[in-house]
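Source file: data10.cif (mmCIF, C-alpha atoms)
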data_data
#
loop_
_atom_site.group_PDB
_atom_site.id
_atom_site.type_symbol
_atom_site.label_atom_id
_atom_site.label_comp_id
_atom_site.auth_asym_id
_atom_site.auth_seq_id
_atom_site.Cartn_x
_atom_site.Cartn_y
_atom_site.Cartn_z
ATOM 1 C CA MET A 479 8.268 49.271 -17.731
ATOM 2 C CA MET A 480 7.481 48.262 -14.147
ATOM 3 C CA GLY A 481 6.271 51.728 -13.215
ATOM 4 C CA ASP A 482 4.062 52.000 -16.293
ATOM 5 C CA LEU A 483 2.301 48.634 -15.961
ATOM 6 C CA VAL A 484 2.237 48.416 -12.159
ATOM 7 C CA PRO A 485 2.356 51.963 -10.753
ATOM 8 C CA ASP A 486 3.081 52.553 -7.087
ATOM 9 C CA SER A 487 -0.576 53.282 -6.335
ATOM 10 C CA LEU A 488 -1.574 49.827 -7.628
ATOM 11 C CA TRP A 489 1.312 47.958 -6.037
ATOM 12 C CA GLU A 490 0.580 49.476 -2.613
ATOM 13 C CA ARG A 491 -2.885 47.932 -2.788
ATOM 14 C CA VAL A 492 -1.873 44.538 -4.164
ATOM 15 C CA GLU A 493 1.220 43.786 -2.058
ATOM 16 C CA PRO A 494 -0.552 43.370 1.336
ATOM 17 C CA LEU A 495 -2.970 40.859 -0.214
ATOM 18 C CA LEU A 496 -0.329 38.513 -1.644
ATOM 19 C CA PRO A 497 0.064 35.201 0.198
ATOM 20 C CA PRO A 498 3.284 34.881 2.238
ATOM 21 C CA ARG A 499 6.105 32.897 0.716
ATOM 22 C CA PRO A 500 7.310 29.723 2.446
ATOM 23 C CA PRO A 501 10.438 30.367 4.536
ATOM 24 C CA ARG A 502 13.742 29.660 2.827
ATOM 25 C CA ARG A 503 15.861 26.792 4.030
ATOM 26 C CA HIS A 504 18.952 27.638 6.053
ATOM 27 C CA GLN A 505 21.023 24.988 4.307
ATOM 28 C CA HIS A 506 21.009 24.938 0.512
ATOM 29 C CA PRO A 507 18.452 27.752 0.192
ATOM 30 C CA GLY A 508 18.676 27.675 -3.593
ATOM 31 C CA ARG A 509 18.173 30.579 -5.919
ATOM 32 C CA ARG A 510 16.569 33.726 -4.567
ATOM 33 C CA PRO A 511 12.909 33.947 -5.678
ATOM 34 C CA ALA A 512 11.927 36.505 -8.278
ATOM 35 C CA ASP A 513 10.522 39.828 -7.164
ATOM 36 C CA ASP A 514 6.730 39.836 -6.746
ATOM 37 C CA ARG A 515 6.296 43.232 -8.380
ATOM 38 C CA ALA A 516 8.274 42.102 -11.415
ATOM 39 C CA ALA A 517 6.083 38.989 -11.644
ATOM 40 C CA LEU A 518 2.929 41.113 -11.448
ATOM 41 C CA THR A 519 4.336 43.333 -14.185
ATOM 42 C CA GLY A 520 4.794 40.258 -16.368
ATOM 43 C CA ILE A 521 1.223 39.138 -15.692
ATOM 44 C CA VAL A 522 -0.173 42.562 -16.621
ATOM 45 C CA PHE A 523 2.093 42.599 -19.704
ATOM 46 C CA VAL A 524 0.593 39.291 -20.888
ATOM 47 C CA LEU A 525 -2.917 40.517 -20.106
ATOM 48 C CA LYS A 526 -2.485 43.732 -22.087
ATOM 49 C CA THR A 527 -0.535 42.455 -25.073
ATOM 50 C CA GLY A 528 -1.926 38.940 -25.445
ATOM 51 C CA LEU A 529 1.551 37.401 -25.692
ATOM 52 C CA GLY A 530 2.113 33.816 -24.639
ATOM 53 C CA TRP A 531 3.777 33.222 -21.288
ATOM 54 C CA ASN A 532 6.837 31.769 -23.010
ATOM 55 C CA GLN A 533 7.178 34.930 -25.110
ATOM 56 C CA LEU A 534 7.680 37.318 -22.206
ATOM 57 C CA PRO A 535 10.887 39.384 -22.699
ATOM 58 C CA ARG A 536 12.935 38.306 -19.684
ATOM 59 C CA GLU A 537 15.688 40.801 -20.422
ATOM 60 C CA LEU A 538 13.111 43.603 -20.172
ATOM 61 C CA LEU A 539 11.127 42.413 -17.134
ATOM 62 C CA GLY A 540 13.824 40.581 -15.197
ATOM 63 C CA VAL A 541 11.585 37.546 -14.669
ATOM 64 C CA SER A 542 10.715 34.526 -16.806
ATOM 65 C CA GLY A 543 7.311 33.724 -18.242
ATOM 66 C CA VAL A 544 7.187 30.433 -16.321
ATOM 67 C CA THR A 545 7.659 32.299 -13.047
ATOM 68 C CA CYS A 546 4.909 34.774 -13.977
ATOM 69 C CA TRP A 547 2.554 31.917 -14.821
ATOM 70 C CA ARG A 548 3.274 30.206 -11.513
ATOM 71 C CA ARG A 549 2.651 33.414 -9.551
ATOM 72 C CA MET A 550 -0.548 33.907 -11.544
ATOM 73 C CA ARG A 551 -1.636 30.386 -10.598
ATOM 74 C CA ASP A 552 -0.753 30.791 -6.916
ATOM 75 C CA TRP A 553 -2.309 34.240 -6.548
ATOM 76 C CA THR A 554 -5.462 33.141 -8.361
ATOM 77 C CA GLU A 555 -5.863 30.168 -6.032
ATOM 78 C CA ALA A 556 -5.310 32.503 -3.068
ATOM 79 C CA GLY A 557 -8.142 34.803 -4.218
ATOM 80 C CA VAL A 558 -5.954 37.878 -4.655
ATOM 81 C CA TRP A 559 -7.741 39.365 -7.671
ATOM 82 C CA PRO A 560 -11.305 39.484 -6.250
ATOM 83 C CA ALA A 561 -9.880 41.001 -3.046
ATOM 84 C CA VAL A 562 -8.102 43.760 -4.995
ATOM 85 C CA HIS A 563 -11.234 44.387 -7.061
ATOM 86 C CA GLU A 564 -13.425 44.656 -3.952
ATOM 87 C CA MET A 565 -10.965 47.057 -2.292
ATOM 88 C CA LEU A 566 -10.928 49.347 -5.323
ATOM 89 C CA LEU A 567 -14.724 49.291 -5.570
ATOM 90 C CA ALA A 568 -14.908 50.455 -1.951
ATOM 91 C CA GLU A 569 -12.519 53.316 -2.709
ATOM 92 C CA LEU A 570 -14.577 54.317 -5.734
ATOM 93 C CA ARG A 571 -17.743 54.329 -3.632
ATOM 94 C CA ALA A 572 -16.042 56.442 -0.979
ATOM 95 C CA ALA A 573 -15.099 58.905 -3.737
ATOM 96 C CA GLY A 574 -18.713 59.061 -4.971
ATOM 97 C CA ALA A 575 -17.810 57.479 -8.319
ATOM 98 C CA LEU A 576 -20.231 54.524 -8.177
ATOM 99 C CA ASP A 577 -23.965 54.501 -8.885
ATOM 100 C CA LEU A 578 -25.161 51.198 -7.463
ATOM 101 C CA ASP A 579 -28.879 51.893 -7.810
ATOM 102 C CA ARG A 580 -28.911 50.996 -11.517
ATOM 103 C CA CYS A 581 -26.952 48.085 -12.996
ATOM 104 C CA ALA A 582 -26.803 46.305 -16.345
ATOM 105 C CA VAL A 583 -25.879 42.727 -17.251
ATOM 106 C CA ASP A 584 -24.916 40.899 -20.438
ATOM 107 C CA GLY A 585 -22.765 38.099 -21.855
ATOM 108 C CA SER A 586 -20.059 37.963 -24.533
ATOM 109 C CA HIS A 587 -18.645 35.004 -26.481
ATOM 110 C CA VAL A 588 -14.924 34.353 -26.931
ATOM 111 C CA ARG A 589 -13.275 31.519 -28.822
ATOM 112 C CA ALA A 590 -11.436 28.906 -26.735
ATOM 113 C CA LEU A 591 -8.575 27.552 -28.834
ATOM 114 C CA LYS A 592 -7.190 25.099 -26.255
ATOM 115 C CA ARG A 593 -10.497 23.817 -24.919
ATOM 116 C CA GLY A 594 -10.510 22.933 -21.207
ATOM 117 C CA ASP A 595 -13.122 23.503 -18.506
ATOM 118 C CA HIS A 596 -16.137 25.768 -19.154
ATOM 119 C CA VAL A 597 -15.882 25.320 -22.919
ATOM 120 C CA GLY A 598 -18.790 24.464 -25.191
ATOM 121 C CA PRO A 599 -19.950 24.790 -28.801
ATOM 122 C CA SER A 600 -20.618 28.448 -29.443
ATOM 123 C CA PRO A 601 -23.966 29.106 -31.180
ATOM 124 C CA VAL A 602 -22.643 32.372 -32.635
ATOM 125 C CA ASP A 603 -19.405 30.854 -34.023
ATOM 126 C CA ARG A 604 -20.640 27.845 -36.036
ATOM 127 C CA GLY A 605 -20.380 25.519 -33.069
ATOM 128 C CA ARG A 606 -16.672 26.071 -32.536
ATOM 129 C CA PRO A 607 -15.442 25.610 -28.952
ATOM 130 C CA GLY A 608 -15.845 28.795 -26.967
ATOM 131 C CA SER A 609 -16.507 30.331 -23.589
ATOM 132 C CA LYS A 610 -18.729 33.141 -22.440
ATOM 133 C CA HIS A 611 -17.943 36.114 -20.223
ATOM 134 C CA HIS A 612 -20.846 37.255 -18.050
ATOM 135 C CA LEU A 613 -20.566 40.800 -16.715
ATOM 136 C CA ILE A 614 -22.603 43.041 -14.451
ATOM 137 C CA VAL A 615 -21.741 46.747 -14.256
ATOM 138 C CA GLU A 616 -23.020 49.764 -12.359
ATOM 139 C CA ALA A 617 -24.611 52.795 -14.013
ATOM 140 C CA ASN A 618 -21.272 54.167 -15.302
ATOM 141 C CA GLY A 619 -19.954 50.876 -16.699
ATOM 142 C CA ILE A 620 -17.575 49.995 -13.836
ATOM 143 C CA PRO A 621 -17.510 46.168 -13.527
ATOM 144 C CA LEU A 622 -18.957 44.817 -10.288
ATOM 145 C CA GLN A 623 -18.707 41.082 -10.976
ATOM 146 C CA VAL A 624 -17.685 38.754 -13.783
ATOM 147 C CA SER A 625 -18.060 35.018 -14.369
ATOM 148 C CA LEU A 626 -17.074 32.399 -16.943
ATOM 149 C CA THR A 627 -19.138 29.595 -18.497
ATOM 150 C CA GLY A 628 -19.162 27.447 -21.602
ATOM 151 C CA GLY A 629 -20.047 29.077 -24.886
ATOM 152 C CA ASN A 630 -23.334 27.156 -25.123
ATOM 153 C CA SER A 631 -24.740 28.374 -21.788
ATOM 154 C CA ASN A 632 -27.797 30.610 -21.825
ATOM 155 C CA ASP A 633 -27.241 34.087 -20.422
ATOM 156 C CA VAL A 634 -30.271 33.970 -18.153
ATOM 157 C CA THR A 635 -29.070 30.837 -16.337
ATOM 158 C CA GLN A 636 -26.188 32.862 -14.912
ATOM 159 C CA LEU A 637 -28.253 35.906 -13.968
ATOM 160 C CA LEU A 638 -29.041 35.131 -10.330
ATOM 161 C CA SER A 639 -25.625 33.707 -9.480
ATOM 162 C CA LEU A 640 -23.986 36.802 -10.963
ATOM 163 C CA VAL A 641 -26.260 39.163 -9.043
ATOM 164 C CA ASP A 642 -25.899 37.265 -5.766
ATOM 165 C CA SER A 643 -22.098 37.201 -6.064
ATOM 166 C CA ILE A 644 -21.748 41.002 -6.165
ATOM 167 C CA PRO A 645 -19.590 41.723 -3.098
ATOM 168 C CA PRO A 646 -20.820 44.091 -0.383
ATOM 169 C CA ILE A 647 -19.187 47.355 -1.399
ATOM 170 C CA ARG A 648 -17.942 49.336 1.553
ATOM 171 C CA GLY A 649 -16.460 52.821 1.530
ATOM 172 C CA LEU A 650 -19.245 54.725 3.304
ATOM 173 C CA ARG A 651 -20.866 54.454 6.698
ATOM 174 C CA GLY A 652 -23.801 52.106 7.075
ATOM 175 C CA ARG A 653 -24.593 48.663 5.746
ATOM 176 C CA PRO A 654 -22.694 48.134 2.487
ATOM 177 C CA PRO A 655 -25.011 47.538 -0.491
ATOM 178 C CA HIS A 656 -24.507 44.608 -2.822
ATOM 179 C CA LEU A 657 -27.799 44.475 -4.744
ATOM 180 C CA PRO A 658 -28.981 47.135 -7.207
ATOM 181 C CA ARG A 659 -32.424 48.682 -7.171
ATOM 182 C CA GLU A 660 -32.884 48.276 -10.933
ATOM 183 C CA LEU A 661 -31.328 45.769 -13.329
ATOM 184 C CA PHE A 662 -31.280 46.335 -17.093
ATOM 185 C CA ALA A 663 -30.861 43.483 -19.572
ATOM 186 C CA ASP A 664 -31.620 42.610 -23.196
ATOM 187 C CA ARG A 665 -34.076 40.076 -24.629
ATOM 188 C CA GLY A 666 -31.799 37.159 -23.823
ATOM 189 C CA TYR A 667 -32.930 37.499 -20.199
ATOM 190 C CA ASP A 668 -36.654 37.618 -21.011
ATOM 191 C CA HIS A 669 -38.079 35.024 -18.592
ATOM 192 C CA ASP A 670 -40.879 35.824 -16.140
ATOM 193 C CA LYS A 671 -39.509 33.253 -13.695
ATOM 194 C CA TYR A 672 -36.295 35.262 -13.287
ATOM 195 C CA ARG A 673 -38.225 38.518 -13.100
ATOM 196 C CA ARG A 674 -40.065 37.128 -10.083
ATOM 197 C CA MET A 675 -36.811 36.002 -8.489
ATOM 198 C CA LEU A 676 -35.279 39.437 -8.977
ATOM 199 C CA ARG A 677 -38.307 41.128 -7.429
ATOM 200 C CA ALA A 678 -38.043 38.749 -4.460
ATOM 201 C CA ARG A 679 -34.553 40.174 -3.919
ATOM 202 C CA GLY A 680 -35.880 43.730 -3.994
ATOM 203 C CA ILE A 681 -34.614 44.388 -7.539
ATOM 204 C CA THR A 682 -36.833 45.930 -10.209
ATOM 205 C CA PRO A 683 -36.143 44.094 -13.503
ATOM 206 C CA ARG A 684 -35.903 46.254 -16.626
ATOM 207 C CA ILE A 685 -35.687 43.506 -19.244
ATOM 208 C CA ALA A 686 -36.696 43.861 -22.874
ATOM 209 C CA ARG A 687 -39.327 41.401 -24.101
ATOM 210 C CA ARG A 688 -39.081 39.189 -27.146
ATOM 211 C CA GLY A 689 -41.346 39.944 -30.055
ATOM 212 C CA VAL A 690 -41.638 43.608 -29.134
ATOM 213 C CA VAL A 691 -40.406 46.170 -31.628
ATOM 214 C CA HIS A 692 -37.233 48.026 -30.758
ATOM 215 C CA GLY A 693 -37.564 51.403 -29.151
ATOM 216 C CA SER A 694 -38.333 50.460 -25.550
ATOM 217 C CA GLY A 695 -35.857 53.076 -24.334
ATOM 218 C CA LEU A 696 -33.962 50.563 -22.164
ATOM 219 C CA GLY A 697 -30.879 51.028 -24.323
ATOM 220 C CA ARG A 698 -30.327 54.471 -22.802
ATOM 221 C CA HIS A 699 -29.311 52.729 -19.591
ATOM 222 C CA ARG A 700 -28.198 49.288 -20.817
ATOM 223 C CA TRP A 701 -25.456 50.457 -23.191
ATOM 224 C CA VAL A 702 -22.970 50.841 -20.333
ATOM 225 C CA VAL A 703 -22.492 47.058 -20.141
ATOM 226 C CA GLU A 704 -21.333 47.105 -23.760
ATOM 227 C CA ARG A 705 -18.798 49.746 -22.810
ATOM 228 C CA GLY A 706 -17.748 47.546 -19.892
ATOM 229 C CA PHE A 707 -17.047 44.697 -22.309
ATOM 230 C CA ALA A 708 -15.117 47.087 -24.561
ATOM 231 C CA TRP A 709 -12.931 48.047 -21.587
ATOM 232 C CA LEU A 710 -12.400 44.391 -20.685
ATOM 233 C CA HIS A 711 -11.540 43.314 -24.209
ATOM 234 C CA CYS A 712 -9.002 46.098 -24.583
ATOM 235 C CA TYR A 713 -6.874 43.560 -22.722
ATOM 236 C CA LYS A 714 -5.944 41.373 -25.660
ATOM 237 C CA ARG A 715 -5.440 38.194 -23.630
ATOM 238 C CA LEU A 716 -9.203 38.180 -22.949
ATOM 239 C CA ARG A 717 -10.340 38.415 -26.583
ATOM 240 C CA THR A 718 -9.483 34.747 -27.090
ATOM 241 C CA ARG A 719 -9.265 32.178 -24.334
ATOM 242 C CA TRP A 720 -5.823 30.560 -24.368
ATOM 243 C CA GLU A 721 -5.797 29.090 -20.841
ATOM 244 C CA ARG A 722 -6.911 25.481 -20.478
ATOM 245 C CA ARG A 723 -7.647 26.071 -16.811
ATOM 246 C CA ALA A 724 -10.877 27.982 -16.375
ATOM 247 C CA ASP A 725 -9.797 29.428 -13.028
ATOM 248 C CA LEU A 726 -6.761 31.097 -14.616
ATOM 249 C CA HIS A 727 -8.808 32.704 -17.382
ATOM 250 C CA LEU A 728 -11.326 33.860 -14.784
ATOM 251 C CA GLY A 729 -8.420 35.210 -12.730
ATOM 252 C CA LEU A 730 -7.296 37.297 -15.700
ATOM 253 C CA LEU A 731 -10.859 38.594 -16.062
ATOM 254 C CA GLN A 732 -10.928 39.586 -12.384
ATOM 255 C CA LEU A 733 -7.528 41.246 -12.658
ATOM 256 C CA ALA A 734 -8.757 43.235 -15.676
ATOM 257 C CA CYS A 735 -11.791 44.388 -13.653
ATOM 258 C CA ALA A 736 -9.445 45.565 -10.893
ATOM 259 C CA LEU A 737 -7.266 47.428 -13.400
ATOM 260 C CA ILE A 738 -10.324 49.181 -14.849
ATOM 261 C CA CYS A 739 -11.331 50.285 -11.334
ATOM 262 C CA HIS A 740 -7.806 51.485 -10.583
ATOM 263 C CA ARG A 741 -7.682 53.468 -13.825
ATOM 264 C CA ARG A 742 -11.000 55.114 -12.963
ATOM 265 C CA LEU A 743 -9.817 55.878 -9.425
ATOM 266 C CA THR A 744 -6.611 57.547 -10.586
ATOM 267 C CA ALA A 745 -8.597 59.648 -13.082
ATOM 268 C CA LEU A 746 -10.709 61.256 -10.351
#
Whole structure given in structure tokens:
Amino acid sequence: MMGDLVPDSLWERVEPLLPPRPPRRHQHPGRRPADDRAALTGIVFVLKTGLGWNQLPRELLGVSGVTCWRRMRDWTEAGVWPAVHEMLLAELRAAGALDLDRCAVDGSHVRALKRGDHVGPSPVDRGRPGSKHHLIVEANGIPLQVSLTGGNSNDVTQLLSLVDSIPPIRGLRGRPPHLPRELFADRGYDHDKYRRMLRARGITPRIARRGVVHGSGLGRHRWVVERGFAWLHCYKRLRTRWERRADLHLGLLQLACALICHRRLTAL
């Protein structure tokens, strides 16, 4: 189980980024803490299967769901998942598996059953409480950055923050790029104000216009973001938002992005 969900190649990258544990007391040290790799296995198990934290099979993983949730909380607050994601992106670029000249962006609604931060009435789900995943991918569909907002937020309002938050991707000599040359998006991003802001950043916007018949040809390049969402939502915990805390749901999104990058890297 541990080797399947957290293979050695993934654990070797994650372990150095984990925050150090507080030193144990000499007197009355208490119970020995659970193994970090077992806790990460439990987190990935929840992410893939969609089970609740209290439903984790302790006899199979050797660690309780409460412990996995606490490690998830601590590692999310320590910024472990974006660091792992950035490291794997650099390795993919070094392997020539990233095309950063052309990117695509989109948003996807999910229902939020426990409410919490970044939750709003979803216009595509009869006003039920929901959240929205915002994703930007490179030309092959590999996720570069992801964010979380309320279900009633407009896609275009998150465009610039999503683009600006793409990390500088190392892996090759020279200044690491973090902005694409072209950005593809659907009609939900059709605002001339944001086109001007993208051009000011040196990005050529390829955004479909409202009221224009279909057949612009942009779909030949934009479809990869839909595949990126399909890869993300293969992790069942992301199809519905169960976490009240927005940072924990965003942490699961970032972990899923890192797992997608690791899967692509091992397939090379």
Between atom CA of Ala734 of chain A and atom CA of Arg698 of chain A, what is the distance in Å, rounded to a tenth?
25.3 Å
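For the set A:Pro607, A:Gly628, A:Pro646, A:Pro683, the residue with the smallest atom-to-atom gap to Arg659 of chain A is A:Pro683, counting all atoms listed in the file.
Here the PyMOL selection byres ((chain A and resi 641) around 10) captures the residues Cys581, Val583, Leu613, Ile614, Leu622, Gln623, Val624, Gln636, Leu637, Leu638, Ser639, Leu640, Asp642, Ser643, Ile644, Pro645, His656, Leu657, Pro658, Leu661, Leu676, Arg679 and Ile681 of chain A.
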With only C-alpha atoms as the counted atoms, please give the residues lying no more than 8 Å from segment 562-577 of chain A, apart from itself and same-chain residues fewer than 5 positions off, as a short mmCIF file (atom, residue, chain, number, x, y, z; two decimals) with C-alpha atoms, keeping the file's coordinate frame.
data_model
loop_
_atom_site.label_atom_id
_atom_site.label_comp_id
_atom_site.auth_asym_id
_atom_site.auth_seq_id
_atom_site.Cartn_x
_atom_site.Cartn_y
_atom_site.Cartn_z
CA ARG A 491 -2.88 47.93 -2.79
CA VAL A 492 -1.87 44.54 -4.16
CA LEU A 495 -2.97 40.86 -0.21
CA GLU A 616 -23.02 49.76 -12.36
CA ALA A 617 -24.61 52.80 -14.01
CA ASN A 618 -21.27 54.17 -15.30
CA ILE A 620 -17.58 50.00 -13.84
CA LEU A 622 -18.96 44.82 -10.29
CA PRO A 645 -19.59 41.72 -3.10
CA ILE A 647 -19.19 47.36 -1.40
CA ARG A 648 -17.94 49.34 1.55
CA GLY A 649 -16.46 52.82 1.53
CA LEU A 650 -19.24 54.72 3.30
CA GLN A 732 -10.93 39.59 -12.38
CA LEU A 733 -7.53 41.25 -12.66
CA CYS A 735 -11.79 44.39 -13.65
CA ALA A 736 -9.44 45.56 -10.89
CA CYS A 739 -11.33 50.28 -11.33
CA HIS A 740 -7.81 51.48 -10.58
CA LEU A 743 -9.82 55.88 -9.43
#
Would you pick out the contacts of Asp486 of chain A at 12 Å or less, using only C-alpha atoms, so that residues sharing its chain but fewer than 6 positions from it are not included, and give the list as JSON, numbers by chain?
{"A": [480, 492, 493, 515, 519, 740, 744]}
